[in-house]
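Novice: Take a look at the following structure, please.
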Amino acid sequence: MAVKKTELYSALWAGCDELRGGMDASQYKDYVLTLLFLKYVSDKYAGDPNAMILVPAGASFGDLVKLKGDKEIGEKINKIIDKIAAENDLKGVIDIADFNDEDKLGKGKEMVDRLSRLVSIFEGIDLSANRAEGDDLLGDAYEYLMRNFATESGKSKGQFYTPAEVSRVLAKVVGITADTPQDATVYDPTCGSGSLLLKVADEAPNGLSILWAGNG
């Protein structure tokens, strides 16, 4: 059964709560979204040699669960993320967060306990079914987090990411429709979170190429 949005949102924000105190709210996303991604690809693709994202042996979310309570949990999480990033040409994309950063996560037992609790929160979520009630669960979760990160950072959501409503309007302005061919390209010269490009791509069901640039 697909996880309910409310359950996922509650779990994600509980994860953010674990990170409070050591970093700015705008940095929560680097940790929470990385674990959300790893949990999703593990639930969806682990063990599938033909999957869109390959999950190497020893680099699934289940391997993170085995690290709970390990005194080297931060360093070992980094190695797992590095492994899946290298396997899928995602270096510099999903390996931004340093799970062994003592300044952000605490030292010694404090870091071990914090990361163990964070992993436990995601452990209880089943993301094997990405869509629920006809909606894109992960996409909605991403927007939920961006909106709340903006609030926590004291910024408007427009400063932090492009709201979905604006993205859809811009897609229509530049002529992205259901008939847009697959070889069409859309480019954002000031890309931040990537939300604008992703929403514009959603307007072309046949797919199109998106180019990332800017400060993201």
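FYI, nothing fancy with the structure tokens labels: chains A, B, ... in order, residues from 1 per chain, ligands from 1 as they appear.
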May I have the residues within 12 Å of Gly62 of chain A as a list in words, using only C-alpha atoms and disregarding those fewer than 2 positions away in the same chain?
Specialist: Leu35, Leu38, Lys39, Tyr40, Val41, Ser42, Asp43, Ala46, Val55, Pro56, Ala57, Gly58, Ala59, Ser60, Leu64, Val65, Lys66, Leu67, Lys68, Ile77, Ile80, Val119, Ser120, Phe122, Glu123 and Gly124 of chain A
Novice: Print the selection's residues with N, CA and C atoms to a file, as a tab-separated table (two decimals), in the first residue's frame.
Specialist:
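In the end it all went to selection08.tsv:
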```tsv
chain	number	residue	atom	x	y	z
A	35	LEU	N	18.49	11.42	2.20
A	35	LEU	CA	17.97	10.17	2.77
A	35	LEU	C	16.65	9.78	2.11
A	38	LEU	N	17.64	8.12	-1.16
A	38	LEU	CA	18.20	6.78	-0.96
A	38	LEU	C	17.13	5.79	-0.55
A	39	LYS	N	16.20	6.22	0.30
A	39	LYS	CA	15.11	5.33	0.72
A	39	LYS	C	14.23	4.97	-0.47
A	40	TYR	N	13.94	5.95	-1.31
A	40	TYR	CA	13.08	5.70	-2.47
A	40	TYR	C	13.73	4.73	-3.46
A	41	VAL	N	14.97	5.00	-3.84
A	41	VAL	CA	15.61	4.13	-4.84
A	41	VAL	C	15.83	2.72	-4.27
A	42	SER	N	16.06	2.62	-2.97
A	42	SER	CA	16.22	1.30	-2.36
A	42	SER	C	14.91	0.53	-2.38
A	43	ASP	N	13.82	1.20	-2.00
A	43	ASP	CA	12.51	0.54	-2.00
A	43	ASP	C	12.07	0.18	-3.40
A	46	ALA	N	16.23	-1.57	-5.61
A	46	ALA	CA	17.27	-2.47	-5.10
A	46	ALA	C	17.09	-3.88	-5.63
A	55	VAL	N	21.36	0.40	-7.52
A	55	VAL	CA	21.71	0.41	-6.10
A	55	VAL	C	22.76	-0.67	-5.88
A	56	PRO	N	24.04	-0.29	-5.77
A	56	PRO	CA	25.11	-1.29	-5.62
A	56	PRO	C	24.97	-2.07	-4.33
A	57	ALA	N	25.55	-3.25	-4.33
A	57	ALA	CA	25.58	-4.06	-3.11
A	57	ALA	C	26.27	-3.27	-2.01
A	58	GLY	N	25.65	-3.25	-0.85
A	58	GLY	CA	26.22	-2.52	0.27
A	58	GLY	C	25.88	-1.05	0.31
A	59	ALA	N	25.00	-0.61	-0.60
A	59	ALA	CA	24.68	0.83	-0.68
A	59	ALA	C	23.18	1.07	-0.67
A	60	SER	N	22.41	0.20	-0.06
A	60	SER	CA	20.97	0.39	0.02
A	60	SER	C	20.62	1.05	1.36
A	64	LEU	N	22.12	1.36	5.63
A	64	LEU	CA	22.13	2.46	6.59
A	64	LEU	C	21.53	2.01	7.92
A	65	VAL	N	20.45	1.24	7.83
A	65	VAL	CA	19.78	0.76	9.05
A	65	VAL	C	20.76	-0.04	9.91
A	66	LYS	N	21.62	-0.81	9.28
A	66	LYS	CA	22.59	-1.63	10.01
A	66	LYS	C	23.60	-0.77	10.77
A	67	LEU	N	23.70	0.51	10.41
A	67	LEU	CA	24.68	1.39	11.03
A	67	LEU	C	24.17	2.06	12.30
A	68	LYS	N	22.90	1.90	12.61
A	68	LYS	CA	22.36	2.57	13.79
A	68	LYS	C	23.14	2.14	15.03
A	77	ILE	N	27.93	6.42	6.48
A	77	ILE	CA	26.84	6.90	5.64
A	77	ILE	C	27.42	7.64	4.44
A	80	ILE	N	28.46	5.18	1.81
A	80	ILE	CA	27.32	4.59	1.10
A	80	ILE	C	26.78	5.56	0.06
A	119	VAL	N	17.81	7.97	10.75
A	119	VAL	CA	17.65	6.78	9.91
A	119	VAL	C	16.39	6.01	10.31
A	120	SER	N	16.11	5.93	11.59
A	120	SER	CA	14.92	5.22	12.07
A	120	SER	C	13.64	5.84	11.54
A	122	PHE	N	13.16	7.39	8.67
A	122	PHE	CA	12.98	7.00	7.27
A	122	PHE	C	12.75	5.50	7.12
A	123	GLU	N	13.28	4.74	8.05
A	123	GLU	CA	13.14	3.29	8.00
A	123	GLU	C	11.68	2.87	7.99
A	124	GLY	N	10.83	3.62	8.66
A	124	GLY	CA	9.43	3.25	8.77
A	124	GLY	C	8.56	3.67	7.60
```
Novice: Identify, on the basis of only C-alpha atoms, every residue whose closest approach to Val32 of chain A does not exceed 9 Å; exclude the query and any residue fewer than 4 positions from it along the same chain; express the result as a PyMOL selection string.
Specialist: chain A and resi 12-13+15-16+28+36-37+118+145
Novice: Write the selection just made, keeping C-alpha atoms, as a short mmCIF file (atom, residue, chain, number, x, y, z; two decimals), in the first residue's frame?
Specialist:
```
data_model
loop_
_atom_site.label_atom_id
_atom_site.label_comp_id
_atom_site.auth_asym_id
_atom_site.auth_seq_id
_atom_site.Cartn_x
_atom_site.Cartn_y
_atom_site.Cartn_z
CA LEU A 12 10.09 14.14 6.85
CA TRP A 13 9.52 17.00 9.24
CA GLY A 15 13.70 14.22 10.36
CA CYS A 16 14.18 17.98 10.16
CA TYR A 28 18.16 20.62 6.41
CA LEU A 36 14.58 10.47 1.06
CA PHE A 37 16.25 9.76 -2.29
CA LEU A 118 17.16 10.11 11.66
CA LEU A 145 10.01 20.45 2.30
#
```
Novice: Could you tell me, as a PyMOL selection string, which residues of segment 3-193 of chain A DSSP assigns to helix (DSSP H, G or I) when given the backbone?
Specialist: chain A and resi 5-19+25-45+61-65+73-87+102-105+109-123+137-152+157-160+164-173
Novice: Looking at only C-alpha atoms, which of A:Asp82, A:Glu7, A:Asp113, A:Glu165 is the one that sits closest to Gly69 of chain A?
Specialist: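 Using only C-alpha atoms, the shortest distance to Gly69 of chain A belongs to A:Asp113.
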Novice: In terms of the shortest atom-to-atom distance over only C-alpha atoms, which of A:Ser128, A:Asn88, A:Gln27, A:Asn206 is closest to Met146 of chain A?
Specialist: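 The answer is A:Gln27, which sits nearest to Met146 of chain A.
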Novice: What separation in Å, quoted to one decimal, exists between atom CA of Ile125 of chain A and atom CA of Leu196 of chain A?
Specialist: 27.1 Å
